[in-house]
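Enquirer: To be precise about what I am sending: the file is called coords23.txt and holds compact mmCIF, C-alpha atoms.
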# COMPACT_ATOMS: atom_id res chain seq x y z
CA MET A 3 -7.34 -25.16 -10.41
CA ALA A 4 -3.61 -24.49 -10.64
CA GLN A 5 -4.09 -20.96 -9.36
CA HIS A 6 -6.14 -22.15 -6.41
CA ALA A 7 -3.61 -24.87 -5.66
CA SER A 8 -0.74 -22.39 -5.67
CA LYS A 9 -2.49 -20.38 -2.95
CA MET A 10 -2.11 -23.30 -0.56
CA ALA A 11 1.25 -22.07 0.58
CA ALA A 12 2.59 -25.27 2.17
CA ILE A 13 1.11 -28.75 2.42
CA ARG A 14 3.20 -31.29 4.28
CA THR A 15 2.34 -34.97 4.45
CA TYR A 16 4.11 -37.72 6.34
CA GLY A 17 5.49 -39.11 3.11
CA GLY A 18 6.85 -35.91 1.64
CA THR A 19 6.94 -32.15 1.73
CA LEU A 20 5.16 -29.90 -0.71
CA ALA A 21 5.93 -26.17 -0.87
CA MET A 22 4.22 -23.74 -3.22
CA THR A 23 4.75 -20.06 -3.87
CA SER A 24 2.14 -17.47 -4.69
CA GLY A 25 3.47 -17.52 -8.23
CA ASN A 26 4.32 -20.56 -10.31
CA CYS A 27 7.06 -22.51 -8.53
CA VAL A 28 6.48 -25.81 -6.79
CA ALA A 29 8.87 -28.07 -4.88
CA VAL A 30 7.94 -31.61 -3.83
CA SER A 31 10.00 -34.13 -1.91
CA ASN A 32 9.65 -37.62 -3.33
CA ILE A 33 7.79 -40.20 -1.25
CA ARG A 34 9.10 -43.32 -2.98
CA GLU A 35 12.67 -42.02 -3.40
CA PRO A 36 13.36 -40.12 -0.16
CA ASN A 37 16.75 -38.76 -1.32
CA LEU A 38 15.16 -36.86 -4.20
CA PHE A 39 12.96 -33.82 -4.45
CA GLN A 40 11.50 -32.23 -7.56
CA THR A 41 11.07 -28.61 -8.57
CA PHE A 42 8.77 -27.62 -11.39
CA ASN A 43 6.82 -24.70 -12.74
CA ILE A 44 3.17 -24.55 -13.68
CA PRO A 45 3.41 -24.79 -17.52
CA SER A 46 0.56 -22.39 -18.23
CA LEU A 47 2.31 -19.65 -16.27
CA ASN A 48 5.77 -20.41 -17.58
CA ALA A 49 5.13 -20.40 -21.32
CA ASP A 50 7.24 -17.28 -21.84
CA LYS A 51 10.42 -19.02 -20.60
CA PRO A 52 11.27 -21.64 -23.22
CA ASP A 53 14.94 -21.65 -22.24
CA LYS A 54 14.18 -22.99 -18.76
CA LYS A 55 13.43 -26.53 -17.73
CA ASP A 56 9.91 -27.03 -16.37
CA ASP A 57 10.82 -29.82 -13.97
CA GLU A 58 13.98 -31.21 -12.46
CA ASP A 59 14.99 -33.89 -9.99
CA ARG A 60 17.44 -32.84 -7.29
CA LEU A 61 19.59 -35.14 -5.21
CA LEU A 62 19.78 -34.93 -1.41
CA ALA A 63 22.03 -36.72 1.05
CA ARG A 64 18.99 -37.60 3.20
CA ARG A 65 15.25 -37.17 2.99
CA ALA A 66 13.92 -33.60 3.00
CA THR A 67 12.15 -32.41 6.15
CA SER A 68 11.22 -28.87 5.09
CA LEU A 69 11.21 -26.65 1.98
CA THR A 70 10.81 -22.93 1.46
CA PHE A 71 11.23 -20.44 -1.40
CA THR A 72 12.88 -17.05 -1.60
CA LEU A 73 10.68 -14.07 -2.39
CA ASP A 74 11.78 -13.88 -6.02
CA GLU A 75 11.19 -17.66 -6.42
CA SER A 76 14.70 -18.12 -7.81
CA THR A 77 15.94 -20.34 -4.98
CA VAL A 78 14.49 -23.13 -2.89
CA VAL A 79 15.99 -23.79 0.55
CA VAL A 80 15.85 -27.44 1.66
CA ALA A 81 16.52 -29.00 5.08
CA ASP A 82 17.19 -32.72 5.40
CA LYS A 83 17.26 -35.37 8.12
CA SER A 84 21.03 -35.27 8.55
CA GLY A 85 20.83 -31.69 9.87
CA ASP A 86 22.08 -29.92 6.73
CA VAL A 87 20.39 -27.08 4.83
CA TYR A 88 21.00 -26.61 1.10
CA SER A 89 19.97 -24.03 -1.48
CA PHE A 90 19.02 -24.96 -5.04
CA PRO A 91 18.13 -22.76 -7.99
CA THR A 92 14.54 -23.38 -9.00
CA VAL A 93 15.38 -23.60 -12.71
CA THR A 94 18.54 -24.21 -14.72
CA GLU A 95 19.50 -23.44 -18.27
CA VAL A 96 18.71 -26.06 -20.91
CA LYS A 97 21.85 -27.50 -22.49
CA ASP A 98 22.24 -27.57 -26.25
CA ASP A 99 23.47 -31.15 -26.34
CA ASP A 100 21.43 -34.16 -25.26
CA THR A 101 23.88 -35.35 -22.61
CA PRO A 102 22.15 -36.52 -19.45
CA GLU A 103 22.35 -34.04 -16.61
CA VAL A 104 24.02 -35.24 -13.43
CA LYS A 105 21.93 -34.89 -10.27
CA THR A 106 24.23 -33.03 -7.89
CA LEU A 107 23.90 -31.68 -4.39
CA GLY A 108 22.98 -28.05 -3.89
CA GLN A 109 25.03 -25.42 -2.14
CA LEU A 110 25.47 -26.20 1.55
CA LEU A 111 24.30 -23.29 3.71
CA LEU A 112 24.62 -24.61 7.26
CA GLY A 113 24.50 -27.70 9.40
CA HIS A 114 23.12 -28.80 12.76
CA LEU A 115 24.32 -31.60 14.99
CA SER A 116 20.80 -33.07 15.03
CA MET A 117 17.88 -33.36 12.62
CA VAL A 118 16.54 -30.05 11.24
CA LEU A 119 12.75 -30.09 11.47
CA ASP A 120 11.77 -26.78 9.85
CA VAL A 121 13.29 -23.87 7.99
CA CYS A 122 12.06 -20.41 7.01
CA LEU A 123 13.41 -17.07 5.80
CA ALA A 124 12.94 -13.99 7.99
CA ASP A 125 13.31 -10.22 8.02
CA ARG A 126 13.24 -9.73 4.25
CA GLU A 127 15.48 -12.75 3.74
CA GLN A 128 18.28 -11.39 5.88
CA TYR A 129 18.17 -14.56 7.98
CA VAL A 130 17.53 -18.23 7.47
CA VAL A 131 15.87 -19.66 10.59
CA THR A 132 16.21 -23.33 11.45
CA CYS A 133 15.00 -25.48 14.33
CA ASP A 134 16.14 -28.94 15.34
CA ARG A 135 15.51 -31.92 17.57
CA ASP A 136 17.78 -30.55 20.32
CA GLU A 137 15.35 -27.74 21.31
CA LYS A 138 17.37 -25.06 19.48
CA ILE A 139 16.31 -22.31 17.09
CA ARG A 140 19.13 -20.68 15.14
CA LEU A 141 19.04 -17.43 13.18
CA SER A 142 21.82 -17.40 10.57
CA CYS A 143 22.63 -14.74 8.01
CA PHE A 144 21.42 -15.53 4.51
CA PRO A 145 23.07 -16.58 2.26
CA ASN A 146 26.29 -16.39 4.35
CA ALA A 147 24.90 -18.74 6.97
CA TYR A 148 28.28 -19.30 8.65
CA ASN A 149 27.55 -15.98 10.43
CA ILE A 150 25.14 -16.83 13.26
CA HIS A 151 22.99 -13.90 14.32
CA SER A 152 21.31 -15.32 17.44
CA TYR A 153 19.79 -18.35 19.16
CA CYS A 154 16.29 -18.76 20.60
CA LEU A 155 16.54 -21.08 23.60
CA GLY A 156 13.77 -22.10 25.97
CA HIS A 157 11.87 -25.08 24.60
CA THR A 158 12.21 -28.30 26.57
CA GLN A 159 11.50 -30.66 23.67
CA PHE A 160 12.15 -30.74 19.94
CA VAL A 161 11.10 -27.62 18.01
CA SER A 162 8.85 -28.92 15.25
CA CYS A 163 7.68 -25.81 13.37
CA LEU A 164 8.42 -22.13 12.76
CA LYS A 165 6.44 -19.17 11.48
CA TYR A 166 7.80 -15.70 10.77
CA VAL A 167 5.34 -12.80 11.22
CA GLU A 168 6.62 -10.05 8.98
CA GLU A 169 4.41 -7.19 10.19
CA PHE A 170 5.74 -7.48 13.75
CA ARG A 171 9.21 -8.87 12.92
CA VAL A 172 8.75 -11.74 15.35
CA LEU A 173 9.23 -15.48 15.12
CA VAL A 174 6.67 -17.99 16.40
CA SER A 175 7.70 -21.54 17.27
CA GLY A 176 5.89 -24.74 18.24
CA SER A 177 7.42 -27.67 20.08
CA GLY A 178 6.95 -31.13 21.44
CA ASP A 179 6.48 -29.56 24.87
CA CYS A 180 3.08 -28.25 23.61
CA SER A 181 4.07 -24.62 24.03
CA VAL A 182 3.92 -21.79 21.51
CA ARG A 183 6.55 -19.09 21.98
CA VAL A 184 7.12 -15.70 20.37
CA TRP A 185 10.67 -14.39 19.87
CA ASN A 186 12.27 -11.27 18.51
CA MET A 187 15.17 -11.33 16.07
CA GLU A 188 17.70 -11.04 18.89
CA GLY A 189 16.58 -14.32 20.46
CA LYS A 190 14.58 -12.82 23.33
CA GLN A 191 11.36 -14.60 24.27
CA LEU A 192 8.43 -12.16 24.24
CA CYS A 193 5.65 -14.48 25.40
CA GLN A 194 4.68 -18.12 25.85
CA ALA A 195 1.38 -19.99 25.66
CA GLU A 196 0.88 -23.49 27.03
CA CYS A 197 -1.65 -25.28 24.84
CA PRO A 198 -4.57 -26.68 26.87
CA VAL A 199 -4.39 -30.25 25.58
CA ASN A 200 -4.00 -33.65 27.17
CA ARG A 201 -0.32 -34.52 26.73
CA SER A 202 -1.13 -38.25 26.41
CA SER A 203 -4.16 -38.35 24.15
CA ASP A 204 -6.23 -41.19 22.75
CA ALA A 205 -6.57 -39.32 19.48
CA VAL A 206 -8.52 -40.55 16.51
CA THR A 207 -6.03 -41.39 13.79
CA SER A 208 -6.28 -43.08 10.46
CA PRO A 209 -5.97 -46.89 10.80
CA GLN A 210 -3.40 -46.97 8.02
CA LEU A 211 -1.31 -44.30 9.75
CA SER A 212 -1.49 -46.11 13.08
CA SER A 213 -0.19 -49.32 11.55
CA ALA A 214 2.50 -47.43 9.66
CA ASN A 215 3.68 -45.75 12.87
CA ARG A 216 4.05 -49.15 14.53
CA GLN A 217 6.27 -50.50 11.79
CA GLN A 218 9.98 -49.91 11.55
CA SER A 219 10.65 -47.78 8.49
CA ASP A 220 14.29 -48.46 7.64
CA GLU A 221 13.83 -47.58 3.98
CA HIS A 222 12.91 -44.04 4.99
CA GLY A 223 15.69 -43.75 7.55
CA ASP A 224 13.45 -43.62 10.62
CA GLY A 225 14.94 -46.65 12.42
CA ASP A 226 16.78 -46.40 15.70
CA LYS A 227 18.09 -48.71 18.38
CA ASN A 228 14.87 -48.71 20.35
CA GLY A 229 12.85 -49.52 17.26
CA ASN A 230 9.18 -50.21 17.72
CA ASP A 231 9.29 -49.99 21.52
CA LYS A 232 10.10 -46.29 21.48
CA GLU A 233 7.64 -45.39 18.73
CA GLU A 234 4.89 -47.45 20.37
CA LYS A 235 5.55 -45.71 23.69
CA PHE A 236 5.20 -42.23 22.19
CA SER A 237 2.64 -43.03 19.48
CA ASN A 238 -0.16 -41.24 21.40
CA LYS A 239 1.89 -38.46 22.94
CA VAL A 240 0.71 -35.02 21.84
CA ALA A 241 3.06 -32.58 20.13
CA ILE A 242 2.65 -29.42 18.08
CA GLN A 243 3.30 -30.22 14.44
CA GLY A 244 2.08 -27.18 12.49
CA LEU A 245 1.59 -23.39 12.67
CA THR A 246 -0.10 -21.03 10.26
CA TYR A 247 -0.81 -17.30 10.52
CA CYS A 248 -3.40 -14.96 9.00
CA LYS A 249 -1.93 -11.47 8.83
CA GLN A 250 -5.24 -9.72 8.15
CA CYS A 251 -6.93 -10.94 11.33
CA ARG A 252 -3.73 -11.68 13.30
CA LEU A 253 -4.85 -15.23 13.92
CA LEU A 254 -2.46 -18.06 14.68
CA VAL A 255 -3.72 -21.64 14.22
CA VAL A 256 -1.93 -24.53 15.93
CA SER A 257 -2.27 -28.15 14.81
CA PHE A 258 -1.12 -31.18 16.77
CA TYR A 259 0.13 -34.69 16.30
CA SER A 260 -2.15 -37.27 17.99
CA HIS A 261 -4.77 -34.66 18.90
CA PRO A 262 -7.80 -33.99 16.63
CA GLU A 263 -8.25 -30.31 17.46
CA LEU A 264 -7.07 -26.96 16.14
CA LEU A 265 -6.37 -24.13 18.56
CA VAL A 266 -6.87 -20.55 17.36
CA TYR A 267 -4.90 -17.74 19.03
CA ARG A 268 -4.91 -14.00 18.49
CA LEU A 269 -1.41 -12.50 18.37
CA GLY A 270 -0.87 -9.09 19.93
CA ILE A 271 2.35 -7.07 19.92
CA ASN A 272 2.88 -3.95 22.03
CA GLU A 273 6.41 -2.54 21.85
CA GLU A 274 8.62 -5.22 23.43
CA LYS A 275 5.72 -7.29 24.77
CA ALA A 276 3.58 -9.89 23.05
CA SER A 277 0.43 -11.83 23.88
CA LEU A 278 -1.29 -14.98 22.64
CA ASP A 279 -5.00 -15.11 23.48
CA HIS A 280 -6.87 -18.37 22.94
CA ILE A 281 -10.15 -17.53 21.19
CA GLN A 282 -11.39 -20.78 19.65
CA THR A 283 -10.97 -24.56 19.56
CA ILE A 284 -11.96 -26.33 16.34
CA PRO A 285 -12.69 -30.08 16.61
CA ILE A 286 -11.87 -32.12 13.52
CA GLN A 287 -12.30 -35.74 12.49
CA VAL A 288 -8.76 -37.04 12.83
CA THR A 289 -5.26 -35.80 13.53
CA PRO A 290 -4.49 -33.50 10.57
CA TRP A 291 -1.52 -33.65 8.26
CA ASP A 292 -1.14 -29.89 7.97
CA VAL A 293 -2.94 -26.54 7.98
CA THR A 294 -2.38 -23.33 6.06
CA PHE A 295 -4.09 -19.97 5.57
CA ASP A 296 -5.19 -18.49 2.24
CA ASP A 297 -4.82 -14.79 3.01
CA SER A 298 -6.48 -13.66 -0.20
CA ASN A 299 -9.78 -15.36 0.69
CA ASN A 300 -9.43 -15.52 4.50
CA VAL A 301 -9.76 -19.31 4.37
CA LEU A 302 -8.05 -21.91 6.53
CA TRP A 303 -7.24 -25.12 4.63
CA VAL A 304 -6.88 -28.36 6.58
CA LEU A 305 -5.29 -31.49 5.08
CA ALA A 306 -6.20 -34.79 6.78
CA PRO A 307 -5.81 -38.52 5.97
CA VAL A 308 -9.51 -39.09 5.27
CA GLU A 309 -10.83 -40.29 1.94
CA GLY A 310 -13.53 -38.01 0.55
CA THR A 311 -12.73 -35.14 2.93
CA THR A 312 -8.98 -34.99 2.54
CA VAL A 313 -9.10 -31.20 2.37
CA SER A 314 -11.54 -29.09 4.37
CA ALA A 315 -11.87 -25.32 4.59
CA PHE A 316 -12.84 -22.88 7.32
CA LYS A 317 -13.93 -19.33 6.54
CA ILE A 318 -12.95 -16.48 8.86
CA MET A 319 -16.13 -14.76 10.01
CA SER A 320 -16.94 -12.01 12.51
CA ALA A 321 -20.07 -11.26 14.47
CA ASP A 322 -21.02 -8.23 12.37
CA GLU A 323 -19.53 -9.56 9.08
CA SER A 324 -17.32 -6.46 8.90
CA GLY A 325 -14.20 -8.06 10.29
CA GLU A 326 -13.48 -5.06 12.51
CA ASP A 327 -14.29 -6.69 15.84
CA ALA A 328 -11.29 -8.99 16.10
CA ASP A 329 -12.32 -10.31 19.52
CA LYS A 330 -15.40 -11.98 18.02
CA VAL A 331 -13.70 -13.49 14.99
CA GLN A 332 -14.27 -17.20 14.53
CA LEU A 333 -13.68 -19.82 11.87
CA VAL A 334 -16.71 -21.53 10.32
CA LYS A 335 -16.49 -24.66 8.20
CA VAL A 336 -17.27 -24.12 4.51
CA GLN A 337 -20.23 -26.15 3.30
CA ASP A 338 -21.24 -27.18 -0.23
CA ASP A 339 -22.81 -23.84 -1.09
CA GLY A 340 -21.65 -23.55 -4.69
CA SER A 341 -18.96 -21.02 -3.85
CA GLN A 342 -15.52 -20.99 -5.42
CA VAL A 343 -13.96 -22.51 -2.31
CA SER A 344 -16.46 -25.38 -2.26
CA GLU A 345 -15.73 -26.14 -5.91
CA VAL A 346 -12.02 -26.36 -5.12
CA LEU A 347 -12.82 -28.76 -2.28
CA LYS A 348 -14.79 -31.01 -4.60
CA THR A 349 -11.98 -31.14 -7.12
CA VAL A 350 -9.20 -31.82 -4.61
CA ASN A 351 -11.17 -34.38 -2.59
CA SER A 352 -11.80 -36.41 -5.74
CA LYS A 353 -8.02 -37.00 -6.10
CA TRP A 354 -7.60 -39.46 -3.23
CA ASP A 355 -5.09 -41.55 -5.20
CA PHE A 356 -2.68 -38.62 -5.07
CA PHE A 357 -2.67 -38.64 -1.25
CA SER A 358 -3.11 -42.35 -0.50
CA ASP A 359 0.60 -43.17 -0.88
CA SER A 360 1.34 -41.12 2.22
CA LEU A 361 -0.71 -43.44 4.43
CA SER A 362 1.93 -46.16 4.40
CA VAL A 363 4.68 -43.79 5.56
CA PRO A 364 4.93 -43.31 9.35
CA SER A 365 5.26 -39.97 11.08
CA ASN A 366 8.72 -39.10 12.39
CA ILE A 367 7.36 -37.35 15.49
CA PRO A 368 7.27 -40.48 17.74
CA SER A 369 10.98 -40.98 17.02
CA LEU A 370 11.84 -37.40 18.06
CA TRP A 371 11.00 -37.78 21.72
CA LYS A 372 13.87 -38.09 24.15
CA VAL A 373 13.33 -40.53 26.99
CA ARG A 374 13.43 -38.47 30.18
CA SER A 375 11.48 -40.38 32.81
CA GLN A 376 11.63 -39.36 36.45
CA ASP A 377 13.38 -42.62 37.32
CA GLN A 378 16.12 -41.91 34.79
CA VAL A 379 16.50 -38.35 36.05
CA THR A 380 16.79 -39.64 39.63
CA GLN A 381 19.34 -42.27 38.59
CA TYR A 382 21.33 -39.66 36.70
CA GLN A 383 21.34 -37.33 39.70
CA GLU A 384 22.48 -40.18 41.96
CA ARG A 385 25.30 -41.12 39.60
CA LYS A 386 26.29 -37.48 39.35
CA HIS A 387 26.31 -37.16 43.14
CA GLN A 388 28.45 -40.29 43.43
CA ARG A 389 30.89 -38.97 40.86
CA ILE A 390 31.14 -35.67 42.68
CA GLN A 391 31.63 -37.36 46.05
CA GLY A 392 34.13 -39.81 44.56
CA GLY A 393 36.05 -36.95 43.02
CA LYS A 394 36.12 -35.09 46.32
CA ALA A 395 37.26 -38.25 48.14
CA ARG A 396 40.04 -38.88 45.63
CA GLN A 397 41.07 -35.27 45.83
CA GLY A 398 41.04 -35.41 49.66
CA ASN A 399 43.12 -38.61 49.74
CA LYS A 400 45.57 -37.12 47.30
CA GLY A 401 45.87 -33.99 49.40
CA LYS A 402 46.36 -36.06 52.55
CA LYS A 403 49.06 -38.11 50.88
CA ASP A 404 50.76 -34.96 49.62
CA ARG A 405 50.71 -33.44 53.11
CA GLN A 406 52.05 -36.65 54.72
CA GLY A 407 54.80 -36.91 52.11
CA HIS A 408 55.76 -33.29 52.65
CA LYS A 409 55.84 -33.89 56.41
CA ASP A 410 58.04 -36.98 56.07
CA GLN A 411 60.42 -35.14 53.77
CA LYS A 412 60.65 -32.25 56.21
CA GLU A 413 61.34 -34.61 59.11
CA ARG A 414 64.08 -36.29 57.11
CA GLN A 415 65.63 -32.93 56.41
CA ASP A 416 65.18 -31.61 59.99
CA PRO A 417 64.40 -34.48 62.42
CA LYS A 418 63.03 -33.62 65.83
CA ASP A 419 64.86 -36.49 67.68
CA PRO A 420 68.42 -35.41 68.79
CA LYS A 421 69.67 -38.92 68.17
CA ASP A 422 68.50 -38.71 64.59
CA ARG A 423 70.18 -35.36 64.26
CA GLN A 424 73.44 -36.79 65.70
CA GLY A 425 73.08 -39.75 63.39
CA GLN A 426 72.72 -37.46 60.42
CA LYS A 427 75.76 -35.48 61.58
CA ASP A 428 77.76 -38.71 61.93
CA LYS A 429 76.67 -39.81 58.53
CA SER A 430 77.55 -36.48 57.06
CA GLY A 431 80.91 -36.52 58.90
CA ASN A 432 81.71 -40.04 57.75
CA LYS A 433 80.77 -39.05 54.29
CA ALA A 434 83.04 -36.05 54.49
CA ASP A 435 85.90 -38.20 55.88
CA MET A 436 85.35 -40.73 53.19
CA ASP A 437 85.35 -38.05 50.61
CA GLY A 438 88.56 -36.59 52.11
CA SER A 439 90.34 -39.94 52.22
CA VAL A 440 89.30 -40.75 48.77
CA SER A 441 90.49 -37.42 47.53
CA GLN A 442 93.75 -37.77 49.47
CA GLN A 443 94.31 -41.26 48.22
CA SER A 444 93.60 -40.24 44.73
CA THR A 445 96.12 -37.38 45.11
CA GLU A 446 98.86 -39.69 46.37
CA ASP A 447 98.38 -42.06 43.50
CA LEU A 448 98.96 -39.30 40.97
CA PRO A 449 102.38 -39.42 39.23
CA GLU A 450 104.95 -36.76 40.19
CA LYS A 451 105.19 -33.95 37.72
CA LYS A 452 108.59 -33.29 36.26
CA PRO A 453 109.83 -29.72 35.87
CA ARG A 454 109.53 -28.35 32.42
CA VAL A 455 112.84 -27.58 30.74
CA LEU A 456 112.93 -24.48 28.57
Step by step, read the file and then write its structure as structure tokens.
Expert:
Amino acid sequence: MAQHASKMAAIRTYGGTLAMTSGNCVAVSNIREPNLFQTFNIPSLNADKPDKKDDEDRLLARRATSLTFTLDESTVVVADKSGDVYSFPTVTEVKDDDTPEVKTLGQLLLGHLSMVLDVCLADREQYVVTCDRDEKIRLSCFPNAYNIHSYCLGHTQFVSCLKYVEEFRVLVSGSGDCSVRVWNMEGKQLCQAECPVNRSSDAVTSPQLSSANRQQSDEHGDGDKNGNDKEEKFSNKVAIQGLTYCKQCRLLVVSFYSHPELLVYRLGINEEKASLDHIQTIPIQVTPWDVTFDDSNNVLWVLAPVEGTTVSAFKIMSADESGEDADKVQLVKVQDDGSQVSEVLKTVNSKWDFFSDSLSVPSNIPSLWKVRSQDQVTQYQERKHQRIQGGKARQGNKGKKDRQGHKDQKERQDPKDPKDRQGQKDKSGNKADMDGSVSQQSTEDLPEKKPRVL
């Protein structure tokens, strides 16, 4: 069971984030203590490392929003709600003494001005890619993340998820604007696909999740000034919340918040051009928590807040069962047929207590929307126009005053009226006479100098 569980590369619930590697490392953000996350190793696969700790608690400044591992599983990269990204070693040496170990922060890699929503490593770990609430995607050098390689700009809402496709060296992003975009490593957009969904959907959601989304969650740091009004307003607004990619069939699956469907695209790359072709829509019971591909078995795993069917699986099939005709590939739901995948489903779906804690924790997606109504845009444009006109008027008045002052000064220096000129001459003459009399009077008052006797 542990081996099958480790193949589920990333399972993210509203309450916490779970990241697994293909080997034996697991990182889980804590639901009840949001400033902690735990790393541990599967004991059966780690028996030959007695000098390493099997599990550790790590301290974060804020709750984790995304986790990912390096290829050698020696480091876990964690993004938190404050916009910072840290790196932690997966295991530490066991101390000889029994002194309690202090939970310290990891090494700070980079920081955003807004909340970081996803993080991944790209191009053989040369870059750490992060996306945030302010529609930005940043490619930074890893581990020297103070060197920024490029930006990917184009989304009009928060960028919620990232996926790096190694075979084509491209980055795929999903956003609250319901668009999927493909970028190269230099930040150039190669293609864009607008998802055919109703932006304001009456999606089927779990009753517990709906009530949790309506409550203010201060203990998890989701509160804001608008409180329930804002979250209630955007509670049914559709946004992309997850991406997963199957490299064997070049299939990209998109999951949504507040929309109980999965969209399947086929990714094509031709030199500097890319394409996303919509080939299938998969209806599901409720809005899913997350989706991920198992490349070894060509299975799509779907995690949803439904007791008894928490995890469901879809097998990649083709029309001729050979898998060569990619245009006719489709995903078929796995039934209880006694296969290995169905046995895993039975085992996982019997552990509802493990997932039920996440029902009381609201999603952070309703709080990510920025209020940009047409009325507000119009009001902003009017205020901007008034400011511009007011600035021009002030500048014009100032220029007029400057010109009038310059004119008055020139007239004072060189008056046009002859009388004024004569008056200025008289004044200047009187002033000269006064100066002469004063100087003469001051000379007469001086004492007479006596000759100097040698």
Enquirer: Name the residues within 12 Å of (9.5, -25.1, 30.6), counting all atoms listed in the file in the file's coordinates, and put them as a PyMOL selection string.
Expert: chain A and resi 137+155-159+177-183+194-196
Enquirer: Keeping only C-alpha atoms, take the residues you just selected and write them out as a JSON list (two decimals), in the frame of the given file.
Expert:
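Writing done, so here's again-v4.json:
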[["chain", "number", "residue", "atom", "x", "y", "z"],
["A", 137, "GLU", "CA", 15.35, -27.74, 21.31],
["A", 155, "LEU", "CA", 16.54, -21.08, 23.60],
["A", 156, "GLY", "CA", 13.77, -22.10, 25.97],
["A", 157, "HIS", "CA", 11.87, -25.08, 24.60],
["A", 158, "THR", "CA", 12.21, -28.30, 26.57],
["A", 159, "GLN", "CA", 11.50, -30.66, 23.67],
["A", 177, "SER", "CA", 7.42, -27.67, 20.08],
["A", 178, "GLY", "CA", 6.95, -31.13, 21.44],
["A", 179, "ASP", "CA", 6.48, -29.56, 24.87],
["A", 180, "CYS", "CA", 3.08, -28.25, 23.61],
["A", 181, "SER", "CA", 4.07, -24.62, 24.03],
["A", 182, "VAL", "CA", 3.92, -21.79, 21.51],
["A", 183, "ARG", "CA", 6.55, -19.09, 21.98],
["A", 194, "GLN", "CA", 4.68, -18.12, 25.85],
["A", 195, "ALA", "CA", 1.38, -19.99, 25.66],
["A", 196, "GLU", "CA", 0.88, -23.49, 27.03]]
Enquirer: Mind listing as a PDB file with C-alpha atoms, in the coordinates of the input all residues within 10 Å of (2.6, -31.0, 16.9), counting only C-alpha atoms?
Expert:
ATOM      1  CA  VAL A 161      11.100 -27.620  18.010  1.00  0.00           C
ATOM      2  CA  SER A 162       8.850 -28.920  15.250  1.00  0.00           C
ATOM      3  CA  CYS A 163       7.680 -25.810  13.370  1.00  0.00           C
ATOM      4  CA  GLY A 176       5.890 -24.740  18.240  1.00  0.00           C
ATOM      5  CA  SER A 177       7.420 -27.670  20.080  1.00  0.00           C
ATOM      6  CA  GLY A 178       6.950 -31.130  21.440  1.00  0.00           C
ATOM      7  CA  ASP A 179       6.480 -29.560  24.870  1.00  0.00           C
ATOM      8  CA  CYS A 180       3.080 -28.250  23.610  1.00  0.00           C
ATOM      9  CA  SER A 181       4.070 -24.620  24.030  1.00  0.00           C
ATOM     10  CA  LYS A 239       1.890 -38.460  22.940  1.00  0.00           C
ATOM     11  CA  VAL A 240       0.710 -35.020  21.840  1.00  0.00           C
ATOM     12  CA  ALA A 241       3.060 -32.580  20.130  1.00  0.00           C
ATOM     13  CA  ILE A 242       2.650 -29.420  18.080  1.00  0.00           C
ATOM     14  CA  GLN A 243       3.300 -30.220  14.440  1.00  0.00           C
ATOM     15  CA  GLY A 244       2.080 -27.180  12.490  1.00  0.00           C
ATOM     16  CA  LEU A 245       1.590 -23.390  12.670  1.00  0.00           C
ATOM     17  CA  VAL A 256      -1.930 -24.530  15.930  1.00  0.00           C
ATOM     18  CA  SER A 257      -2.270 -28.150  14.810  1.00  0.00           C
ATOM     19  CA  PHE A 258      -1.120 -31.180  16.770  1.00  0.00           C
ATOM     20  CA  TYR A 259       0.130 -34.690  16.300  1.00  0.00           C
ATOM     21  CA  SER A 260      -2.150 -37.270  17.990  1.00  0.00           C
ATOM     22  CA  HIS A 261      -4.770 -34.660  18.900  1.00  0.00           C
ATOM     23  CA  THR A 289      -5.260 -35.800  13.530  1.00  0.00           C
ATOM     24  CA  PRO A 290      -4.490 -33.500  10.570  1.00  0.00           C
ATOM     25  CA  TRP A 291      -1.520 -33.650   8.260  1.00  0.00           C
ATOM     26  CA  ASP A 292      -1.140 -29.890   7.970  1.00  0.00           C
ATOM     27  CA  ILE A 367       7.360 -37.350  15.490  1.00  0.00           C
TER      28      ILE A 367
END
Enquirer: Which residues are near Lys275 in chain A? Cut-off 12 Å, all atoms listed in the file, ignore same chain within fewer than 3 positions. Put them as a ChimeraX atom specification.
Expert: /A:170,172,184-186,190-194,269-272,278
Enquirer: CA of Leu111 in chain A to CA of Ser89 in chain A: how many Å, to one decimal?
Expert: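 Interatomic distance here is 6.8 Å.
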Enquirer: I'd like the contact shell of Arg268 in chain A - 12 Å cut-off, all atoms listed in the file, skipping same-chain residues fewer than 6 positions apart - returned as a list in words.
Expert: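 Result of the neighbour search: Ala195, Thr246, Tyr247, Cys248, Lys249, Gln250, Cys251, Arg252, Leu253, Leu254, Val255, Val256, Ala276, Ser277, Leu278, Asp279, His280, Ile281, Gln282, Ala328, Asp329, Lys330, Val331 and Gln332 of chain A.
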Enquirer: In Å, with one decimal, what is the gap from CA of Val363 in chain A to CA of Met117 in chain A?
Expert: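 Interatomic distance, CA of Val363 in chain A to CA of Met117 in chain A: 18.2 Å.
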Enquirer: Emit as JSON the padded axis-aligned box for all listed atoms of range 355-368 of chain A, 6 Å per side, with centre and edge lengths in Å to one decimal.
Expert:
{"center_x": 1.8, "center_y": -41.8, "center_z": 6.3, "size_x": 25.8, "size_y": 20.8, "size_z": 34.9}
Enquirer: Which residue gives the smallest distance to Asp359 in chain A among A:Cys154, A:Pro307, A:Lys372, A:Gln388, with all atoms listed in the file counted?
Expert: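 Between A:Cys154, A:Pro307, A:Lys372, A:Gln388, the residue approaching Asp359 in chain A most closely is A:Pro307.
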